[in-house]
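Undergrad: Structure file query07.cif, mmCIF, C-alpha atoms, is pasted below:
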```
data_query
#
loop_
_atom_site.label_atom_id
_atom_site.label_comp_id
_atom_site.auth_asym_id
_atom_site.auth_seq_id
_atom_site.Cartn_x
_atom_site.Cartn_y
_atom_site.Cartn_z
CA MET P 1 10.33 -26.49 -2.61
CA THR P 2 9.54 -26.15 -6.33
CA ASP P 3 7.42 -28.71 -8.15
CA VAL P 4 9.45 -28.68 -11.39
CA MET P 5 12.95 -27.54 -12.29
CA ILE P 6 13.55 -27.34 -16.05
CA TYR P 7 17.05 -27.20 -17.55
CA VAL P 8 17.21 -25.85 -21.11
CA GLN P 9 20.18 -24.89 -23.27
CA HIS P 10 19.96 -23.27 -26.70
CA LEU P 11 23.05 -23.01 -28.89
CA LEU P 12 22.04 -21.46 -32.23
CA GLY P 13 18.29 -21.23 -32.64
CA ILE P 14 15.68 -20.49 -29.98
CA GLY P 15 13.33 -23.37 -30.78
CA HIS P 16 14.23 -25.27 -27.62
CA VAL P 17 13.31 -22.36 -25.37
CA ARG P 18 10.10 -21.60 -27.29
CA ARG P 19 8.90 -25.18 -26.84
CA THR P 20 9.94 -25.11 -23.18
CA ALA P 21 8.02 -21.87 -22.64
CA LEU P 22 4.81 -23.41 -23.98
CA LEU P 23 5.25 -26.37 -21.63
CA VAL P 24 5.91 -24.08 -18.67
CA ARG P 25 2.74 -22.09 -19.26
CA ASP P 26 0.61 -25.21 -19.25
CA MET P 27 2.39 -26.59 -16.19
CA ARG P 28 1.57 -23.41 -14.33
CA GLN P 29 -2.04 -23.58 -15.49
CA ALA P 30 -2.07 -27.13 -14.08
CA GLY P 31 -1.16 -25.64 -10.71
CA LEU P 32 2.53 -26.52 -10.68
CA SER P 33 5.33 -24.23 -9.53
CA VAL P 34 8.12 -24.14 -12.12
CA GLY P 35 11.69 -22.87 -12.09
CA VAL P 36 13.61 -22.61 -15.36
CA VAL P 37 17.40 -22.82 -15.44
CA SER P 38 18.68 -21.45 -18.75
CA GLY P 39 22.18 -21.87 -20.13
CA GLY P 40 21.86 -19.97 -23.40
CA ILE P 41 22.62 -16.36 -24.20
CA SER P 42 20.02 -14.24 -22.42
CA ASP P 43 17.52 -12.52 -24.74
CA ALA P 44 14.77 -10.09 -23.80
CA ALA P 45 12.55 -11.56 -26.53
CA ILE P 46 12.48 -14.95 -24.78
CA ASP P 47 9.61 -15.32 -22.33
CA PHE P 48 9.70 -18.59 -20.41
CA GLY P 49 6.24 -18.06 -18.96
CA THR P 50 7.45 -17.83 -15.36
CA ASP P 51 9.20 -15.21 -13.25
CA ASN P 52 11.32 -17.94 -11.68
CA VAL P 53 14.15 -18.03 -14.25
CA LEU P 54 17.75 -18.61 -13.19
CA GLN P 55 20.49 -17.77 -15.71
CA LEU P 56 23.65 -19.86 -15.78
CA PRO P 57 26.90 -18.43 -17.17
CA PRO P 58 25.72 -18.30 -20.79
CA CYS P 59 27.25 -19.95 -23.82
CA ARG P 60 26.46 -20.66 -27.45
CA SER P 61 27.82 -22.65 -30.37
CA ALA P 62 31.06 -21.28 -31.81
CA ASP P 63 29.72 -21.65 -35.36
CA HIS P 64 27.04 -23.21 -37.55
CA GLY P 65 28.91 -26.52 -37.49
CA PHE P 66 28.71 -26.87 -33.68
CA SER P 67 32.50 -27.15 -33.47
CA GLY P 68 32.65 -26.03 -29.85
CA LEU P 69 31.28 -23.73 -27.15
CA VAL P 70 32.00 -20.04 -26.58
CA ASP P 71 30.80 -17.69 -23.86
CA GLU P 72 28.76 -14.52 -24.44
CA LYS P 73 31.93 -12.67 -25.50
CA GLY P 74 32.90 -15.32 -28.04
CA VAL P 75 35.72 -16.75 -25.91
CA VAL P 76 36.17 -20.53 -26.05
CA VAL P 77 35.08 -22.06 -22.74
CA ASP P 78 37.76 -23.77 -20.67
CA ASP P 79 37.85 -26.08 -17.66
CA GLY P 80 37.63 -23.14 -15.26
CA TRP P 81 34.49 -21.86 -16.97
CA LYS P 82 32.98 -25.36 -16.84
CA ALA P 83 33.71 -25.67 -13.13
CA ASN P 84 32.02 -22.33 -12.43
CA ARG P 85 29.05 -23.28 -14.58
CA LYS P 86 28.66 -26.67 -12.88
CA GLN P 87 28.67 -24.99 -9.48
CA ALA P 88 26.07 -22.44 -10.65
CA LEU P 89 23.84 -25.29 -11.84
CA PHE P 90 24.11 -27.08 -8.50
CA ASP P 91 23.38 -23.81 -6.69
CA ALA P 92 20.22 -23.43 -8.77
CA TYR P 93 19.21 -27.02 -8.02
CA HIS P 94 19.63 -26.55 -4.27
CA LEU P 95 17.81 -23.22 -4.38
CA LEU P 96 14.82 -24.62 -6.22
CA SER P 97 14.82 -27.97 -4.38
CA PRO P 98 12.55 -29.55 -7.02
CA ARG P 99 10.25 -32.53 -6.70
CA LEU P 100 10.84 -33.27 -10.40
CA LEU P 101 13.83 -32.39 -12.60
CA MET P 102 13.14 -32.01 -16.32
CA VAL P 103 16.12 -31.86 -18.69
CA GLU P 104 15.48 -30.68 -22.23
CA MET P 105 17.07 -32.82 -24.99
CA PHE P 106 19.88 -34.52 -23.02
CA PRO P 107 21.04 -37.28 -23.43
CA PHE P 108 19.70 -37.29 -27.02
CA GLY P 109 21.49 -34.02 -27.65
CA ARG P 110 23.59 -31.49 -25.71
CA ARG P 111 26.29 -34.13 -25.15
CA ALA P 112 28.82 -31.32 -24.68
CA PHE P 113 27.11 -30.51 -21.37
CA ARG P 114 27.55 -33.93 -19.81
CA PHE P 115 30.23 -32.36 -17.56
CA GLU P 116 27.45 -30.68 -15.57
CA LEU P 117 24.36 -32.74 -16.36
CA LEU P 118 25.59 -36.21 -15.39
CA PRO P 119 26.62 -35.06 -11.88
CA LEU P 120 23.32 -33.18 -11.51
CA LEU P 121 21.27 -36.20 -12.56
CA GLU P 122 23.24 -38.45 -10.22
CA GLN P 123 22.59 -36.05 -7.33
CA ALA P 124 18.89 -35.87 -8.17
CA GLY P 125 18.73 -39.65 -8.21
CA GLN P 126 20.35 -39.83 -4.77
CA ASP P 127 17.82 -37.25 -3.55
CA ARG P 128 14.98 -39.37 -4.99
CA VAL P 129 13.94 -36.53 -7.28
CA THR P 130 12.09 -37.81 -10.34
CA ARG P 131 14.13 -37.23 -13.51
CA VAL P 132 12.38 -36.60 -16.83
CA CYS P 133 13.82 -36.00 -20.29
CA SER P 134 11.88 -33.68 -22.63
CA VAL P 135 12.80 -34.38 -26.27
CA ARG P 136 11.44 -33.43 -29.69
CA ASP P 137 10.10 -35.86 -32.29
CA LEU P 138 13.25 -36.28 -34.39
CA LEU P 139 16.94 -36.46 -33.52
CA VAL P 140 19.90 -35.46 -35.65
CA ARG P 141 21.19 -38.59 -37.36
CA LYS P 142 24.44 -40.00 -35.94
CA THR P 143 27.17 -41.70 -37.93
CA ASP P 144 28.69 -43.27 -34.80
CA ILE P 145 26.39 -45.91 -33.31
CA ALA P 146 28.48 -45.87 -30.13
CA LYS P 147 27.09 -42.41 -29.37
CA GLU P 148 23.56 -43.75 -29.76
CA ARG P 149 24.34 -46.61 -27.39
CA TRP P 150 25.66 -44.03 -24.92
CA MET P 151 22.39 -42.09 -25.23
CA ARG P 152 20.42 -45.25 -24.49
CA ASP P 153 22.59 -46.19 -21.53
CA VAL P 154 22.36 -42.71 -19.98
CA ALA P 155 18.59 -42.61 -20.56
CA LEU P 156 18.21 -45.95 -18.77
CA SER P 157 20.54 -45.16 -15.89
CA HIS P 158 19.69 -41.52 -15.23
CA PHE P 159 16.05 -40.94 -16.25
CA ASP P 160 12.72 -42.21 -14.96
CA ARG P 161 10.65 -40.98 -17.90
CA ILE P 162 11.25 -39.74 -21.45
CA LEU P 163 8.55 -37.46 -22.84
CA VAL P 164 8.66 -37.32 -26.64
CA HIS P 165 6.94 -34.27 -28.10
CA GLY P 166 5.65 -35.99 -31.21
CA ASP P 167 2.75 -38.06 -32.47
CA PRO P 168 3.39 -41.80 -33.01
CA ALA P 169 0.50 -41.84 -35.49
CA VAL P 170 2.84 -39.91 -37.81
CA PHE P 171 6.12 -41.55 -36.78
CA GLY P 172 7.64 -42.85 -33.60
CA PHE P 173 10.88 -42.09 -31.79
CA GLU P 174 12.40 -45.19 -33.36
CA ARG P 175 12.53 -43.40 -36.72
CA SER P 176 15.62 -41.47 -35.64
CA PHE P 177 16.74 -43.45 -32.57
CA PRO P 178 17.55 -47.12 -33.22
CA PHE P 179 17.43 -48.14 -29.53
CA ALA P 180 13.98 -46.74 -28.81
CA ALA P 181 12.63 -50.23 -28.08
CA ASP P 182 15.10 -50.54 -25.19
CA LEU P 183 13.37 -47.58 -23.53
CA ALA P 184 9.98 -49.30 -23.35
CA GLY P 185 8.24 -48.46 -20.11
CA ARG P 186 9.94 -45.07 -19.88
CA LEU P 187 9.02 -43.64 -23.29
CA ASP P 188 5.82 -41.63 -23.51
CA TYR P 189 4.37 -39.35 -26.20
CA THR P 190 2.70 -36.01 -25.55
CA GLY P 191 1.73 -35.06 -29.09
CA TYR P 192 3.24 -31.99 -30.72
CA VAL P 193 3.77 -28.89 -28.60
CA ALA P 194 2.01 -26.16 -30.56
CA PRO P 195 0.73 -22.68 -29.66
CA GLN P 196 -2.96 -21.97 -29.27
CA VAL P 197 -3.73 -19.14 -31.69
CA PRO P 198 -7.29 -17.94 -32.40
CA ALA P 199 -8.24 -18.04 -36.07
CA SER P 200 -8.31 -14.65 -37.79
CA ASP P 201 -11.38 -13.36 -39.63
CA VAL P 202 -9.21 -10.94 -41.64
CA LEU P 203 -8.77 -11.72 -45.33
CA ARG P 204 -5.40 -13.27 -46.09
CA ASP P 205 -2.88 -10.98 -47.73
CA GLY P 206 0.85 -10.85 -48.32
CA VAL P 207 3.87 -13.02 -47.61
CA VAL P 208 5.52 -13.60 -44.25
CA VAL P 209 9.18 -14.67 -44.30
CA SER P 210 10.77 -15.77 -41.02
CA ALA P 211 14.17 -17.10 -40.00
CA GLY P 212 13.47 -18.40 -36.49
CA GLY P 213 16.09 -17.08 -34.07
CA GLY P 214 17.98 -15.72 -37.07
CA ALA P 215 21.47 -17.02 -36.33
CA VAL P 216 21.51 -19.08 -39.54
CA GLY P 217 18.94 -17.28 -41.69
CA VAL P 218 20.96 -14.86 -43.84
CA ASP P 219 20.79 -16.88 -47.07
CA LEU P 220 17.05 -17.42 -46.77
CA ILE P 221 16.32 -13.74 -46.06
CA ARG P 222 18.44 -12.49 -48.95
CA ALA P 223 16.92 -15.04 -51.32
CA ALA P 224 13.40 -14.02 -50.27
CA ILE P 225 14.06 -10.32 -50.92
CA ALA P 226 15.47 -11.13 -54.36
CA ALA P 227 12.53 -13.49 -55.05
CA MET P 228 9.86 -10.83 -54.43
CA PRO P 229 10.04 -9.11 -57.88
CA LEU P 230 10.21 -12.53 -59.58
CA SER P 231 6.92 -13.71 -58.08
CA GLN P 232 4.03 -13.89 -60.53
CA LYS P 233 1.42 -13.64 -57.76
CA TYR P 234 2.90 -11.59 -54.94
CA ALA P 235 5.37 -9.07 -56.44
CA SER P 236 3.08 -6.18 -55.50
CA ALA P 237 1.77 -7.66 -52.24
CA PRO P 238 3.10 -6.61 -48.81
CA TRP P 239 5.96 -8.77 -47.52
CA ASP P 240 6.89 -8.95 -43.84
CA ILE P 241 10.38 -10.31 -43.25
CA ILE P 242 11.26 -11.29 -39.67
CA THR P 243 14.96 -11.92 -39.24
CA GLY P 244 14.90 -13.11 -35.62
CA PRO P 245 16.74 -11.57 -32.65
CA HIS P 246 20.06 -13.27 -33.41
CA PHE P 247 20.32 -12.23 -37.07
CA PRO P 248 23.81 -10.72 -37.62
CA ALA P 249 23.72 -6.95 -37.06
CA ASP P 250 25.87 -6.10 -40.10
CA ASP P 251 23.63 -8.11 -42.42
CA PHE P 252 20.50 -6.54 -40.92
CA ALA P 253 21.88 -3.04 -41.50
CA ALA P 254 22.95 -3.83 -45.08
CA ILE P 255 19.60 -5.39 -45.97
CA SER P 256 17.70 -2.47 -44.43
CA ARG P 257 19.39 -0.08 -46.88
CA GLU P 258 18.35 -2.12 -49.94
CA LEU P 259 14.68 -2.88 -49.26
CA PRO P 260 11.96 -2.43 -51.89
CA LYS P 261 8.99 -0.35 -50.76
CA ASN P 262 6.56 -3.21 -50.22
CA ILE P 263 8.92 -5.15 -47.93
CA THR P 264 9.02 -4.41 -44.19
CA LEU P 265 11.97 -5.75 -42.23
CA HIS P 266 11.54 -6.73 -38.57
CA ARG P 267 13.88 -8.26 -36.03
CA PHE P 268 11.01 -9.60 -33.97
CA LEU P 269 7.21 -9.48 -34.09
CA SER P 270 5.28 -10.04 -30.89
CA ASP P 271 2.20 -10.94 -32.97
CA PHE P 272 4.08 -13.22 -35.39
CA ARG P 273 1.67 -16.13 -34.96
CA GLN P 274 -1.35 -13.90 -35.59
CA ARG P 275 0.36 -12.52 -38.71
CA LEU P 276 0.66 -16.06 -40.04
CA THR P 277 -3.10 -16.57 -39.76
CA ARG P 278 -3.55 -13.53 -42.04
CA ALA P 279 -0.82 -14.34 -44.59
CA ARG P 280 -1.22 -15.80 -48.06
CA VAL P 281 2.10 -17.65 -47.85
CA SER P 282 4.70 -18.38 -45.15
CA VAL P 283 8.39 -18.84 -46.02
CA SER P 284 10.67 -20.24 -43.34
CA GLN P 285 13.15 -22.85 -42.28
CA ALA P 286 11.74 -26.15 -41.03
CA GLY P 287 12.38 -26.20 -37.31
CA TYR P 288 9.94 -27.92 -34.98
CA ASN P 289 8.37 -24.73 -33.63
CA THR P 290 8.04 -22.98 -36.97
CA LEU P 291 6.27 -26.01 -38.40
CA MET P 292 3.86 -25.96 -35.46
CA ASP P 293 3.20 -22.24 -35.99
CA VAL P 294 2.44 -22.89 -39.66
CA LEU P 295 0.14 -25.85 -38.97
CA VAL P 296 -1.85 -23.93 -36.37
CA ALA P 297 -2.19 -20.95 -38.74
CA GLY P 298 -3.29 -23.18 -41.62
CA VAL P 299 -1.21 -21.08 -44.03
CA PRO P 300 0.32 -22.26 -47.32
CA SER P 301 4.01 -22.61 -46.61
CA VAL P 302 7.40 -23.02 -48.25
CA MET P 303 10.08 -24.49 -46.00
CA VAL P 304 13.83 -24.39 -46.62
CA PRO P 305 15.38 -26.67 -43.97
CA PHE P 306 18.61 -25.74 -42.21
CA ALA P 307 21.08 -28.48 -43.12
CA GLU P 308 24.55 -27.25 -42.16
CA GLY P 309 26.91 -28.91 -39.71
CA GLY P 310 25.42 -32.38 -40.19
CA GLU P 311 21.96 -31.22 -39.10
CA SER P 312 19.42 -33.66 -40.53
CA GLU P 313 16.25 -33.31 -38.44
CA GLN P 314 14.80 -30.25 -40.21
CA THR P 315 15.22 -31.84 -43.63
CA GLU P 316 13.78 -35.17 -42.50
CA ARG P 317 10.77 -33.58 -40.81
CA ALA P 318 10.10 -31.37 -43.82
CA GLU P 319 10.28 -34.37 -46.17
CA ILE P 320 7.72 -36.24 -44.07
CA PHE P 321 5.23 -33.39 -44.03
CA ALA P 322 5.83 -32.46 -47.67
CA ALA P 323 5.05 -36.06 -48.65
CA LYS P 324 1.67 -35.60 -46.96
CA ASN P 325 1.09 -32.35 -48.94
CA ILE P 326 1.00 -30.34 -45.73
CA ILE P 327 3.94 -28.07 -46.62
CA SER P 328 6.05 -27.30 -49.73
CA LEU P 329 9.72 -28.26 -49.45
CA LEU P 330 12.62 -26.44 -51.09
CA PRO P 331 15.98 -28.01 -50.14
CA ALA P 332 18.66 -25.52 -49.13
CA ALA P 333 20.94 -26.77 -51.91
CA GLN P 334 18.30 -25.70 -54.45
CA LEU P 335 17.61 -22.27 -52.93
CA THR P 336 17.84 -19.40 -55.43
CA PRO P 337 15.61 -16.33 -55.85
CA LYS P 338 14.06 -17.95 -58.92
CA THR P 339 13.31 -21.33 -57.33
CA LEU P 340 11.97 -19.63 -54.20
CA ALA P 341 9.67 -17.32 -56.19
CA LYS P 342 8.28 -20.32 -58.07
CA ALA P 343 7.74 -22.27 -54.84
CA ILE P 344 5.94 -19.30 -53.27
CA ASP P 345 3.66 -18.93 -56.29
CA ASN P 346 2.83 -22.65 -56.22
CA ALA P 347 2.27 -22.94 -52.46
CA ASP P 348 -1.19 -24.21 -51.58
CA PHE P 349 -3.20 -24.69 -48.40
CA PRO P 350 -2.21 -27.81 -46.45
CA LYS P 351 -4.20 -30.97 -47.00
CA GLU P 352 -6.41 -32.03 -44.12
CA PHE P 353 -4.48 -34.05 -41.58
CA GLU P 354 -4.92 -35.67 -38.21
CA LEU P 355 -2.17 -34.66 -35.83
CA SER P 356 -2.03 -34.19 -32.08
CA LEU P 357 -1.11 -30.53 -31.47
CA ASP P 358 -2.01 -30.43 -27.77
CA GLY P 359 1.36 -31.56 -26.49
CA ALA P 360 1.86 -28.73 -24.00
CA ARG P 361 -1.35 -29.44 -22.13
CA ILE P 362 -0.89 -33.21 -22.30
CA GLY P 363 2.76 -32.94 -21.27
CA ALA P 364 1.85 -30.74 -18.31
CA ALA P 365 -0.84 -33.21 -17.27
CA LYS P 366 1.64 -36.09 -17.42
CA ILE P 367 4.15 -34.15 -15.32
CA ARG P 368 1.47 -33.35 -12.76
CA ALA P 369 0.39 -37.00 -12.63
CA ILE P 370 4.00 -38.10 -12.04
CA ILE P 371 4.44 -35.61 -9.21
CA MET P 372 1.13 -36.53 -7.62
CA GLY P 373 1.97 -40.22 -7.82
CA LYS P 374 -0.85 -41.00 -10.21
CA ASP P 375 1.36 -42.02 -13.11
CA HIS P 376 2.07 -45.74 -13.26
CA GLY P 377 5.03 -45.76 -15.66
CA HIS P 378 8.60 -46.56 -14.66
CA LEU P 379 9.74 -44.45 -11.73
CA GLY P 380 12.48 -46.60 -10.36
#
```
Mind turning the file's structure into structure tokens?
TA:
Amino acid sequence: MTDVMIYVQHLLGIGHVRRTALLVRDMRQAGLSVGVVSGGISDAAIDFGTDNVLQLPPCRSADHGFSGLVDEKGVVVDDGWKANRKQALFDAYHLLSPRLLMVEMFPFGRRAFRFELLPLLEQAGQDRVTRVCSVRDLLVRKTDIAKERWMRDVALSHFDRILVHGDPAVFGFERSFPFAADLAGRLDYTGYVAPQVPASDVLRDGVVVSAGGGAVGVDLIRAAIAAMPLSQKYASAPWDIITGPHFPADDFAAISRELPKNITLHRFLSDFRQRLTRARVSVSQAGYNTLMDVLVAGVPSVMVPFAEGGESEQTERAEIFAAKNIISLLPAAQLTPKTLAKAIDNADFPKEFELSLDGARIGAAKIRAIIMGKDHGHLG
């Protein structure tokens, strides 16, 4: 029997798995056995923090607009694929035999996977396995309120606890989910899930540009390279540009042939977080995990939120933190080499702020308390 089974599915970026990995490490430090069931495209750069990782038949988003699902070969998934995948998920569940099932994001996202998740959650309920949803601070805004009602109804009928990885002192779950009040008694906050990175005593130097997983970072990377000679402060400084493991291969090859001497191009940096603590400026998109990396590093930052395909959460989160003078915001619609160079030159250290960044440890402690029967929230 395994203490915790975690289901996680990434479609474009790798933020979901990075946050899950931090949670897993703290759960293991809390003495819990953890099995991760992953549905995204397998990647050697992803370390879930446990050897007990089961890979489902992988899939990803067909495009930046999340128009559908394709398998690892780019073939649109069909009913036969879904049946095989559902069976693989149930096989993993029976193999792990968990005391607690944690599902990342669903039902507040990953609706396309209800074909396998609703039956799994129903089975876990029949087996009296505690069911927990792990969800980030902000959701993508919906134009159809019926979908939000469906999220609420599934949360109430299929989950015992909803762990929100945010800080209500900044904003609550109700900011992006209108039925949050209906979840009272099940909703619980962990604080933000952030890495623990020792401060560097090396003098800050250079610019670090990162594109997360890289699947949607081409425009930002190209703009940053063109912005370098336009910068009044950093044109001669070293620039490290990290494309991410899923950056398109053709674009990576083309960019590599055109690089100025003071720019180093990387697909992945194992010491990325340490590099941030030594940088003068960070340039990135505005995903949850990148923001946490920047806050922990205490580095001046320019964020260009990903906003394609109706994605709103990066822009909204960046607006909130920019209003508090913690980051500098450059909307994607305004991104040019000139505007980016100016934003980099003007970037300043974040203002002092109070924010809970210990969400992995707190989340692990809450999970342990639930399993040990010491948590007194709704478990019905």
Undergrad: Go through the shown structure with the PyMOL selection byres ((chain P and resi 67-84) around 12) and write out the matching residues as JSON, numbers by chain.
TA: {"P": [9, 10, 11, 12, 39, 40, 41, 42, 43, 56, 57, 58, 59, 60, 61, 62, 63, 64, 65, 66, 85, 86, 87, 88, 89, 90, 91, 110, 111, 112, 113, 114, 115, 116, 117, 119, 308, 309, 310]}
Undergrad: With distances taken over all atoms listed in the file, which residue among P:Met102, P:Ile145, P:Met1, P:Ala169 lies nearest Val36 in chain P?
TA: P:Met102
Undergrad: With only C-alpha atoms as the atoms that count, which of P:Gly15, P:Ser328, P:Val8, P:Leu22 lies nearest to Val53 in chain P?
TA: P:Val8
Undergrad: Could you work out how far CA of Lys142 in chain P lies from CA of Met105 in chain P, giving the answer in Å with one decimal?
TA: 15.0 Å
Undergrad: Determine the residue set returned by the PyMOL selection byres ((chain P and resi 192) around 10) for the present structure, and present it as a tab-separated table (two decimals) with C-alpha atoms, keeping the file's coordinate frame.
TA:
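Resulting contents of selection-v7.tsv:
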```
chain	number	residue	atom	x	y	z
P	19	ARG	CA	8.90	-25.18	-26.84
P	136	ARG	CA	11.44	-33.43	-29.69
P	137	ASP	CA	10.10	-35.86	-32.29
P	164	VAL	CA	8.66	-37.32	-26.64
P	165	HIS	CA	6.94	-34.27	-28.10
P	166	GLY	CA	5.65	-35.99	-31.21
P	167	ASP	CA	2.75	-38.06	-32.47
P	189	TYR	CA	4.37	-39.35	-26.20
P	190	THR	CA	2.70	-36.01	-25.55
P	191	GLY	CA	1.73	-35.06	-29.09
P	193	VAL	CA	3.77	-28.89	-28.60
P	194	ALA	CA	2.01	-26.16	-30.56
P	195	PRO	CA	0.73	-22.68	-29.66
P	288	TYR	CA	9.94	-27.92	-34.98
P	289	ASN	CA	8.37	-24.73	-33.63
P	292	MET	CA	3.86	-25.96	-35.46
P	355	LEU	CA	-2.17	-34.66	-35.83
P	356	SER	CA	-2.03	-34.19	-32.08
P	357	LEU	CA	-1.11	-30.53	-31.47
P	358	ASP	CA	-2.01	-30.43	-27.77
P	359	GLY	CA	1.36	-31.56	-26.49
P	360	ALA	CA	1.86	-28.73	-24.00
P	362	ILE	CA	-0.89	-33.21	-22.30
P	363	GLY	CA	2.76	-32.94	-21.27
```
Undergrad: Quick one: range 255-294 of chain P with C-alpha atoms, as a short mmCIF file (atom, residue, chain, number, x, y, z; two decimals), in the first residue's frame?
TA:
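Written file, selection27.cif:
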```
data_model
loop_
_atom_site.label_atom_id
_atom_site.label_comp_id
_atom_site.auth_asym_id
_atom_site.auth_seq_id
_atom_site.Cartn_x
_atom_site.Cartn_y
_atom_site.Cartn_z
CA ILE P 255 19.00 30.89 -33.10
CA SER P 256 22.24 29.09 -32.25
CA ARG P 257 23.73 30.17 -35.59
CA GLU P 258 22.95 33.86 -35.00
CA LEU P 259 24.10 34.43 -31.42
CA PRO P 260 26.24 37.41 -30.37
CA LYS P 261 29.38 36.50 -28.43
CA ASN P 262 28.13 37.51 -24.99
CA ILE P 263 24.96 35.39 -25.22
CA THR P 264 25.02 31.71 -24.21
CA LEU P 265 22.11 29.56 -25.30
CA HIS P 266 21.00 26.61 -23.14
CA ARG P 267 18.16 24.15 -23.44
CA PHE P 268 18.22 23.41 -19.73
CA LEU P 269 20.29 24.47 -16.72
CA SER P 270 20.38 22.21 -13.69
CA ASP P 271 21.49 25.19 -11.57
CA PHE P 272 18.92 27.61 -13.02
CA ARG P 273 17.63 28.74 -9.62
CA GLN P 274 21.16 29.41 -8.36
CA ARG P 275 21.87 31.41 -11.53
CA LEU P 276 18.90 33.63 -10.74
CA THR P 277 20.37 34.50 -7.34
CA ARG P 278 23.48 35.78 -9.15
CA ALA P 279 21.74 37.65 -11.99
CA ARG P 280 21.18 41.38 -12.32
CA VAL P 281 17.88 40.89 -14.16
CA SER P 282 15.56 37.97 -14.95
CA VAL P 283 13.39 37.95 -18.09
CA SER P 284 10.66 35.33 -18.34
CA GLN P 285 7.04 34.51 -18.83
CA ALA P 286 4.79 34.74 -15.77
CA GLY P 287 3.92 31.18 -14.87
CA TYR P 288 3.40 30.20 -11.24
CA ASN P 289 6.73 28.39 -10.84
CA THR P 290 8.83 31.01 -12.60
CA LEU P 291 7.36 33.70 -10.37
CA MET P 292 8.26 31.62 -7.31
CA ASP P 293 11.81 31.15 -8.59
CA VAL P 294 12.16 34.90 -9.07
#
```
